[in-house]
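Asks: Okay, here's the structure, questions in a sec.
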Amino acid sequence: MYIKRVNRVLIAVAWLLISLCPIPNQAQEHPNLILTKAGVEKIRAELGSIPIFDATLEQVKEEVDAEIALGIDTPIPKDYSGGYTHVRHKRNMVVMQKAGVLYQILDDEKYAKYVKDMLMQYEGMYRTLPLHPKTRSYARGKLFWQCLNDSNWLVYVSQAYDCIYNYLSKAERKKLEKNLFRPFADHISVDSPQFYQRVHNHSTWGNAAVGMIGLVMNDKELIDRALYGIKGVNLDKTAKDDDGGFLNKDGKAGFLANIEEPFSPDGYYNEGPYYQRYAMYPFLIFAEGLHNVKPELKIFEYKDGVLLKSINALLNLSDADGDFFPLNDGQKGMSYYNDALVTAVDISYYFGNQDPGLLSIAAKQNKVLLDDSGLAVALGIKNGKAKPFDKKSINLTDGPDGKQGGVGILRSEDLELVFKYAAQGSSHGHYDKLSFSFYEKGDEVLQDYGLARFVNIEQKGGGNYLKENKTWAKQTIAHNTLVQNGKSHYQGKFDIGSKYHPDLYLFDVSKPEIQLVSAKETNAYPGTEMHRTMAIIKEEGFEKPFLLDIFKVKSDSVNQYDLPFYFMGQVLKTNFEYEVPQILEPLGKDNGYQHLWSEGSGHPIGENTKLSWLDKGRFYTLTSATLKNDELSFVRIGANDPEFNLRREAGFLIRRKEVQNSLFVSVVEAHGSYSPVSESAVNSNSNIAALKVVLDTVDYTAISITTIKGNTKLFIIANTNASKEAKHTLKINEKNYTWVGSYYYN
């Protein structure tokens, strides 16, 4: 009896221990990654009564049904971006993810069967699949030419697998995990550490892919690999990727490191808004999965909630039309209508503070995620909670601690100034310190060129970066900033540029009538300090606010300085004479100058140089304070470009030779309008009669602006003391000026 009693106690203890220990792949229910079981029930209960969600569901259903009717195709990989096999596998991953969601929401087995059948085809192919035959990438994938796209595939397919997990038999799951998912995760990580083990948008996708399939499989080793990187891997710290960026210079890796390093406390992503948009999908979709499966990580609170902050930053980095400013490598036209931003807006609303401004963006996007977050957004819109997303002037710091420069955006009426004083921005950075672009109603007035690439257009370099991205788009002369001696900032070398950054001198938007941003750069050219101050000023007598640009440069040597302005539109008038060559020649031989045709050249005829142009029915005038020996040039992009990879756009360049310290001052006016219907031109002329440098010392720079009606305003910037409390007294032309703060305007 005693032995039987002991045995019963031992058995009871054993069962207790078993019950306390989770059994892999049985301890969690599915779906639980993006969709949740409770969320699916809520969605089903609301169907038919939530317009934007119902419309999205119907669109997705039509799309997936059409794909099912076409049949499954998993071709042997052979193409670059834009080629058939690349596009087909990319399409398959998206359709599988959507089909999995439809299975959960509609409870229709045809969608689960479609996903299952396609996964089994991939399982049969992947076991013997070699590296992709295209060899351009520093990290080749198997389904795609680079591991980056393989990671994209696994991020989407993980969601599909989670949705049909319970539809599959245990044997089927084992087969897929053994022959497809685990080898796939291993290839993009332990087999490709140069891709995975770094801080970069590439590795963010890799981390998310490994982590998400790990969450579905309940594989702790994969989850840890995703969060913290590969254990025991030491990479060559001098090795670089295809874009010239270091692979793993600082030894940091994993999803958490990719949150810590690229994001500033303000949510600015160091590679720029184009790649922030691209990276936000894996950042947020993996974070949502971690929140649902491992809430104890509190991922949305990590680094003071920077993932959710970053959505607000990213939306503020878009123009009036929602297009992202093309800082660094950025394709123009990429906007918050992209699916990645649908994900970002919905997740940010659901897991954040339910900002009603996000609902107005979601309403413009006119679709939502088919998950818990999308349901919340749809209900918010239905219940009338949406309010306009108010874009204001904002300064976004760069760097993990917010001390590596930044981007200042000034907004006044329909005008937007984007002033870049950020750090290098990883391998996608450009050598364009203290550069700017200027917009009116979402249209470029003075442009940033963006990247040189036709993304996913096979005819243009396989849809990849073109060589002109390095020889032109990244070079300093391609931007609206100062070039010294025809050389790019930091010698155009990533190794140097990644060490330095400009520093903010002043950002003041406390007065709506005058907003300023100012920064200094001391390392772009050793021995030279560049200090640029830009202000948008609303002044009586001007139809619209005008932009004041003060670029002060001091050096310990005599140099040549070039300051270009890449204007958009048709030249109307100049106040100087110029000669147009009969035979076009490049402006130079290297550093981007080889891509500029010299279309006309002249010299100033007075203290001011004026250029007026017309674009999209609006007039603009650039007025610059120039010296008699300055050289004025009209340039056009496109020299030494036999394959027409570059856009043939115009620029105006001020060149100043053999000077040590110098000052460039300009005003950009937006004014008037032209209607081709009524054929009427209104207010087509500049309102400025004179722009003068009244004083320029180490400590102060004073500029006077006189209108055609004879009204004069004086602007003074304190160059060495930006304190808002500082008291200044300055005598100019026998008149004393006293003020408190960093600048004076009256």
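Scheme for the structure tokens: letters A, B, ... for chains in order shown; per-chain residue numbers from 1; ligand numbers from 1 in order shown.
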May I have the residues within 12 Å of region 61-77 of chain A as JSON, numbers by chain, using only C-alpha atoms and disregarding those fewer than 6 positions away in the same chain?
Replies: {"A": [54, 55, 83, 84, 85, 86, 87, 88, 89, 90, 91, 92, 93, 94, 95, 96, 97, 98, 99, 100, 101, 102, 103, 105, 106, 108, 110, 111, 112, 113, 114, 115, 116, 117, 118, 119, 120, 121, 122, 123, 124, 125, 126, 128, 129, 130, 131, 132, 133, 134, 140, 141, 142, 143, 144, 145, 146, 150, 370]}
Asks: Set the distance at 8 Å and use only C-alpha atoms: which residues neighbour region 502-515 of chain A once local chain neighbours fewer than 5 positions away are removed? I'd like the list as a PyMOL selection string.
Replies: chain A and resi 393+395+403-406+408+410+412+421-423+433-434+520-522+535-539+722+742
Asks: Quick one: residues within 9 Å of region 583-589 of chain A, only C-alpha atoms, excluding same-chain residues fewer than 5 positions away - as a PyMOL selection string?
Replies: chain A and resi 486+594-599+635+639-640
Asks: Take CA of Asp432 (chain A) and CA of Leu547 (chain A) and report the distance between them in Å, one decimal.
Replies: 19.6 Å
Asks: Could you pull the residues within 12 Å of Gln484 (chain A), counting only C-alpha atoms, minus those fewer than 6 positions along the same chain, as a ChimeraX atom specification?
Replies: /A:476-477,490-491,524-530,553-555,557-564,591,655-662
Asks: Store the residues picked out above in a file with N, CA, C and O atoms, as a tab-separated table (two decimals), in the first residue's frame.
Replies:
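What landed in out-v8.tsv:
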```tsv
chain	number	residue	atom	x	y	z
A	476	THR	N	28.29	65.67	-54.33
A	476	THR	CA	27.83	66.93	-53.74
A	476	THR	C	27.24	67.87	-54.78
A	476	THR	O	26.22	68.52	-54.54
A	477	ILE	N	27.84	67.93	-55.97
A	477	ILE	CA	27.38	68.87	-56.99
A	477	ILE	C	25.96	68.56	-57.44
A	477	ILE	O	25.29	69.43	-58.03
A	490	TYR	N	33.72	65.17	-47.85
A	490	TYR	CA	34.41	64.00	-47.30
A	490	TYR	C	35.12	63.20	-48.39
A	490	TYR	O	35.28	61.98	-48.28
A	491	GLN	N	35.51	63.89	-49.47
A	491	GLN	CA	36.17	63.25	-50.62
A	491	GLN	C	35.27	62.21	-51.29
A	491	GLN	O	35.74	61.38	-52.07
A	524	ALA	N	33.56	68.47	-43.75
A	524	ALA	CA	33.40	68.10	-45.16
A	524	ALA	C	34.65	68.43	-45.95
A	524	ALA	O	35.07	67.68	-46.84
A	525	TYR	N	35.25	69.59	-45.63
A	525	TYR	CA	36.52	70.00	-46.21
A	525	TYR	C	37.43	70.43	-45.06
A	525	TYR	O	37.16	71.45	-44.42
A	526	PRO	N	38.46	69.66	-44.75
A	526	PRO	CA	39.34	70.01	-43.63
A	526	PRO	C	39.86	71.44	-43.75
A	526	PRO	O	40.31	71.87	-44.82
A	527	GLY	N	39.75	72.18	-42.66
A	527	GLY	CA	40.20	73.56	-42.66
A	527	GLY	C	39.14	74.55	-43.09
A	527	GLY	O	39.40	75.76	-43.15
A	528	THR	N	37.94	74.07	-43.40
A	528	THR	CA	36.86	74.94	-43.86
A	528	THR	C	35.63	74.73	-43.00
A	528	THR	O	35.25	73.60	-42.71
A	529	GLU	N	35.01	75.83	-42.60
A	529	GLU	CA	33.74	75.76	-41.88
A	529	GLU	C	32.64	76.32	-42.77
A	529	GLU	O	32.77	77.41	-43.33
A	530	MET	N	31.57	75.56	-42.93
A	530	MET	CA	30.40	76.01	-43.65
A	530	MET	C	29.27	76.24	-42.65
A	530	MET	O	29.03	75.39	-41.80
A	553	VAL	N	30.97	80.81	-45.48
A	553	VAL	CA	32.07	79.85	-45.53
A	553	VAL	C	33.37	80.56	-45.17
A	553	VAL	O	33.65	81.66	-45.65
A	554	LYS	N	34.13	79.94	-44.27
A	554	LYS	CA	35.45	80.48	-43.93
A	554	LYS	C	36.45	79.33	-43.95
A	554	LYS	O	36.15	78.21	-43.54
A	555	SER	N	37.64	79.65	-44.45
A	555	SER	CA	38.62	78.60	-44.67
A	555	SER	C	40.02	79.11	-44.36
A	555	SER	O	40.27	80.32	-44.36
A	557	SER	N	42.42	78.40	-46.34
A	557	SER	CA	43.10	78.39	-47.63
A	557	SER	C	42.24	79.09	-48.68
A	557	SER	O	41.05	79.33	-48.47
A	558	VAL	N	42.85	79.43	-49.81
A	558	VAL	CA	42.13	80.05	-50.92
A	558	VAL	C	41.50	78.95	-51.77
A	558	VAL	O	42.17	77.95	-52.10
A	559	ASN	N	40.22	79.10	-52.13
A	559	ASN	CA	39.50	78.03	-52.81
A	559	ASN	C	38.59	78.57	-53.91
A	559	ASN	O	38.38	79.77	-54.04
A	560	GLN	N	38.03	77.61	-54.65
A	560	GLN	CA	36.93	77.89	-55.57
A	560	GLN	C	35.66	77.32	-54.96
A	560	GLN	O	35.65	76.18	-54.49
A	561	TYR	N	34.59	78.11	-54.96
A	561	TYR	CA	33.33	77.66	-54.40
A	561	TYR	C	32.25	77.66	-55.48
A	561	TYR	O	32.10	78.62	-56.23
A	562	ASP	N	31.49	76.58	-55.53
A	562	ASP	CA	30.35	76.46	-56.43
A	562	ASP	C	29.09	76.26	-55.60
A	562	ASP	O	29.05	75.40	-54.71
A	563	LEU	N	28.04	77.03	-55.92
A	563	LEU	CA	26.76	76.86	-55.25
A	563	LEU	C	25.68	76.71	-56.31
A	563	LEU	O	25.30	77.68	-56.98
A	564	PRO	N	25.17	75.48	-56.50
A	564	PRO	CA	24.13	75.25	-57.51
A	564	PRO	C	22.72	75.36	-56.94
A	564	PRO	O	22.49	75.17	-55.74
A	591	ASN	N	33.70	63.74	-59.98
A	591	ASN	CA	32.93	64.19	-58.82
A	591	ASN	C	31.54	64.70	-59.20
A	591	ASN	O	30.99	65.60	-58.56
A	655	ARG	N	29.64	80.46	-59.31
A	655	ARG	CA	31.03	80.05	-59.02
A	655	ARG	C	31.84	81.26	-58.58
A	655	ARG	O	31.81	82.31	-59.22
A	656	ARG	N	32.55	81.10	-57.47
A	656	ARG	CA	33.40	82.16	-56.93
A	656	ARG	C	34.81	81.61	-56.79
A	656	ARG	O	35.02	80.65	-56.04
A	657	LYS	N	35.77	82.22	-57.49
A	657	LYS	CA	37.13	81.69	-57.54
A	657	LYS	C	38.08	82.50	-56.66
A	657	LYS	O	37.88	83.69	-56.42
A	658	GLU	N	39.13	81.80	-56.23
A	658	GLU	CA	40.27	82.41	-55.55
A	658	GLU	C	39.85	83.31	-54.39
A	658	GLU	O	40.24	84.47	-54.29
A	659	VAL	N	39.03	82.74	-53.52
A	659	VAL	CA	38.65	83.45	-52.29
A	659	VAL	C	38.86	82.52	-51.11
A	659	VAL	O	38.88	81.29	-51.25
A	660	GLN	N	39.04	83.11	-49.95
A	660	GLN	CA	39.25	82.32	-48.75
A	660	GLN	C	37.96	82.23	-47.94
A	660	GLN	O	37.36	81.18	-47.81
A	661	ASN	N	37.51	83.36	-47.42
A	661	ASN	CA	36.23	83.42	-46.74
A	661	ASN	C	35.22	84.08	-47.67
A	661	ASN	O	35.56	85.00	-48.42
A	662	SER	N	33.99	83.63	-47.61
A	662	SER	CA	33.01	84.20	-48.52
A	662	SER	C	31.60	84.03	-47.96
A	662	SER	O	31.38	83.28	-47.01
```
Asks: Taking 2 positions as the minimum chain separation for residues in the same chain, which residues sit within 7 Å of Asp401 (chain A) when counting only C-alpha atoms? Answer as a ChimeraX atom specification.
Replies: /A:264-265,399,403
Asks: From a DSSP pass on the backbone, collect the residues of region 71-318 of chain A flagged as helix (DSSP H, G or I) and hand them back as a PyMOL selection string.
Replies: chain A and resi 84-106+109-126+147-167+170-187+193-196+201-217+220-228+255-260+273-293+295-297+299-316
Asks: Residues near Asn258 (chain A), anyone? I mean within 8 Å using only C-alpha atoms, not counting same-chain ones fewer than 3 positions away, as a ChimeraX atom specification.
Replies: /A:199-200,204,253-255,261-262
Asks: Neighbouring residues of region 291-301 of chain A were defined as those with any atom within 8 Å, considering only C-alpha atoms; residues of the same chain fewer than 5 positions away were excluded. Please report them as a VMD selection string.
Replies: chain A and resid 32 to 34 36 215 306 to 308 351
Asks: Taking into account only C-alpha atoms, which residue in the set A:Asn608, A:Asn270, A:Ser169, A:Gln28 is nearest to Ser310 (chain A)?
Replies: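 Smallest separation from Ser310 (chain A) among the options: A:Asn270.
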Asks: Of the candidates A:Glu172, A:Asp186, A:Asp266, A:Glu669, which shows the shortest atom-to-atom distance to Asn685 (chain A), using only C-alpha atoms?
Replies: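 Among the listed residues, A:Glu669 lies closest to Asn685 (chain A).
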Asks: Compare A:Ile164, A:Val668, A:Val571, A:Ile311 by their minimum atom-to-atom distance to Pro273 (chain A), counting only C-alpha atoms, and give me the closest one.
Replies: A:Ile311
Asks: DSSP on the backbone, then: every residue of region 240-399 of chain A marked strand (DSSP E or B), written as a list of chain:residue names.
Replies: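 Answer for region 240-399 of chain A, restricted to strand (DSSP E or B): A:Lys240, A:Phe246, A:Phe263, A:Tyr269, A:Ser318, A:Asp323, A:Phe324, A:Ser335, A:Ile394, A:Asn395, A:Leu396, A:Thr397.
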Asks: Give me a file of those residues, with N, CA, C and O atoms, as a CSV table (one decimal), in the first residue's frame.
Replies:
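The result, written out as result-v3.csv:
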```
chain,number,residue,atom,x,y,z
A,240,LYS,N,32.7,45.7,-47.0
A,240,LYS,CA,31.6,46.5,-47.4
A,240,LYS,C,30.6,45.8,-48.3
A,240,LYS,O,30.9,44.8,-48.9
A,246,PHE,N,29.8,49.7,-44.6
A,246,PHE,CA,30.4,48.7,-43.8
A,246,PHE,C,29.4,47.6,-43.5
A,246,PHE,O,28.2,47.9,-43.2
A,263,PHE,N,17.5,54.6,-35.5
A,263,PHE,CA,16.5,55.5,-35.1
A,263,PHE,C,17.0,56.6,-34.1
A,263,PHE,O,17.7,56.2,-33.1
A,269,TYR,N,15.0,57.9,-39.1
A,269,TYR,CA,15.8,56.8,-39.5
A,269,TYR,C,16.9,57.2,-40.4
A,269,TYR,O,16.7,57.9,-41.4
A,318,SER,N,7.0,63.9,-45.5
A,318,SER,CA,6.3,63.8,-46.8
A,318,SER,C,5.8,65.2,-47.1
A,318,SER,O,5.5,66.0,-46.2
A,323,ASP,N,4.0,62.5,-50.8
A,323,ASP,CA,5.3,61.9,-51.3
A,323,ASP,C,6.4,62.2,-50.3
A,323,ASP,O,6.6,63.3,-49.8
A,324,PHE,N,7.3,61.2,-50.1
A,324,PHE,CA,8.4,61.3,-49.2
A,324,PHE,C,9.5,62.2,-49.8
A,324,PHE,O,9.8,62.0,-51.0
A,335,SER,N,5.3,57.2,-51.6
A,335,SER,CA,4.4,58.0,-50.8
A,335,SER,C,3.8,57.2,-49.7
A,335,SER,O,4.0,56.0,-49.6
A,394,ILE,N,9.1,71.1,-38.2
A,394,ILE,CA,9.6,70.1,-37.2
A,394,ILE,C,11.1,69.9,-37.4
A,394,ILE,O,11.6,70.0,-38.6
A,395,ASN,N,11.8,69.7,-36.4
A,395,ASN,CA,13.2,69.4,-36.4
A,395,ASN,C,13.4,68.0,-35.9
A,395,ASN,O,13.0,67.6,-34.8
A,396,LEU,N,13.9,67.1,-36.8
A,396,LEU,CA,14.1,65.7,-36.5
A,396,LEU,C,15.6,65.4,-36.3
A,396,LEU,O,16.4,65.5,-37.3
A,397,THR,N,16.0,65.0,-35.1
A,397,THR,CA,17.4,64.8,-34.9
A,397,THR,C,17.8,63.4,-35.5
A,397,THR,O,17.0,62.6,-35.8
```
Asks: Go through A:Ser426, A:Thr707, A:Asn746, A:Ser624 and flag the residue nearest Asn248 (chain A), using only C-alpha atoms for the distances.
Replies: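 Smallest separation from Asn248 (chain A) among the options: A:Ser426.
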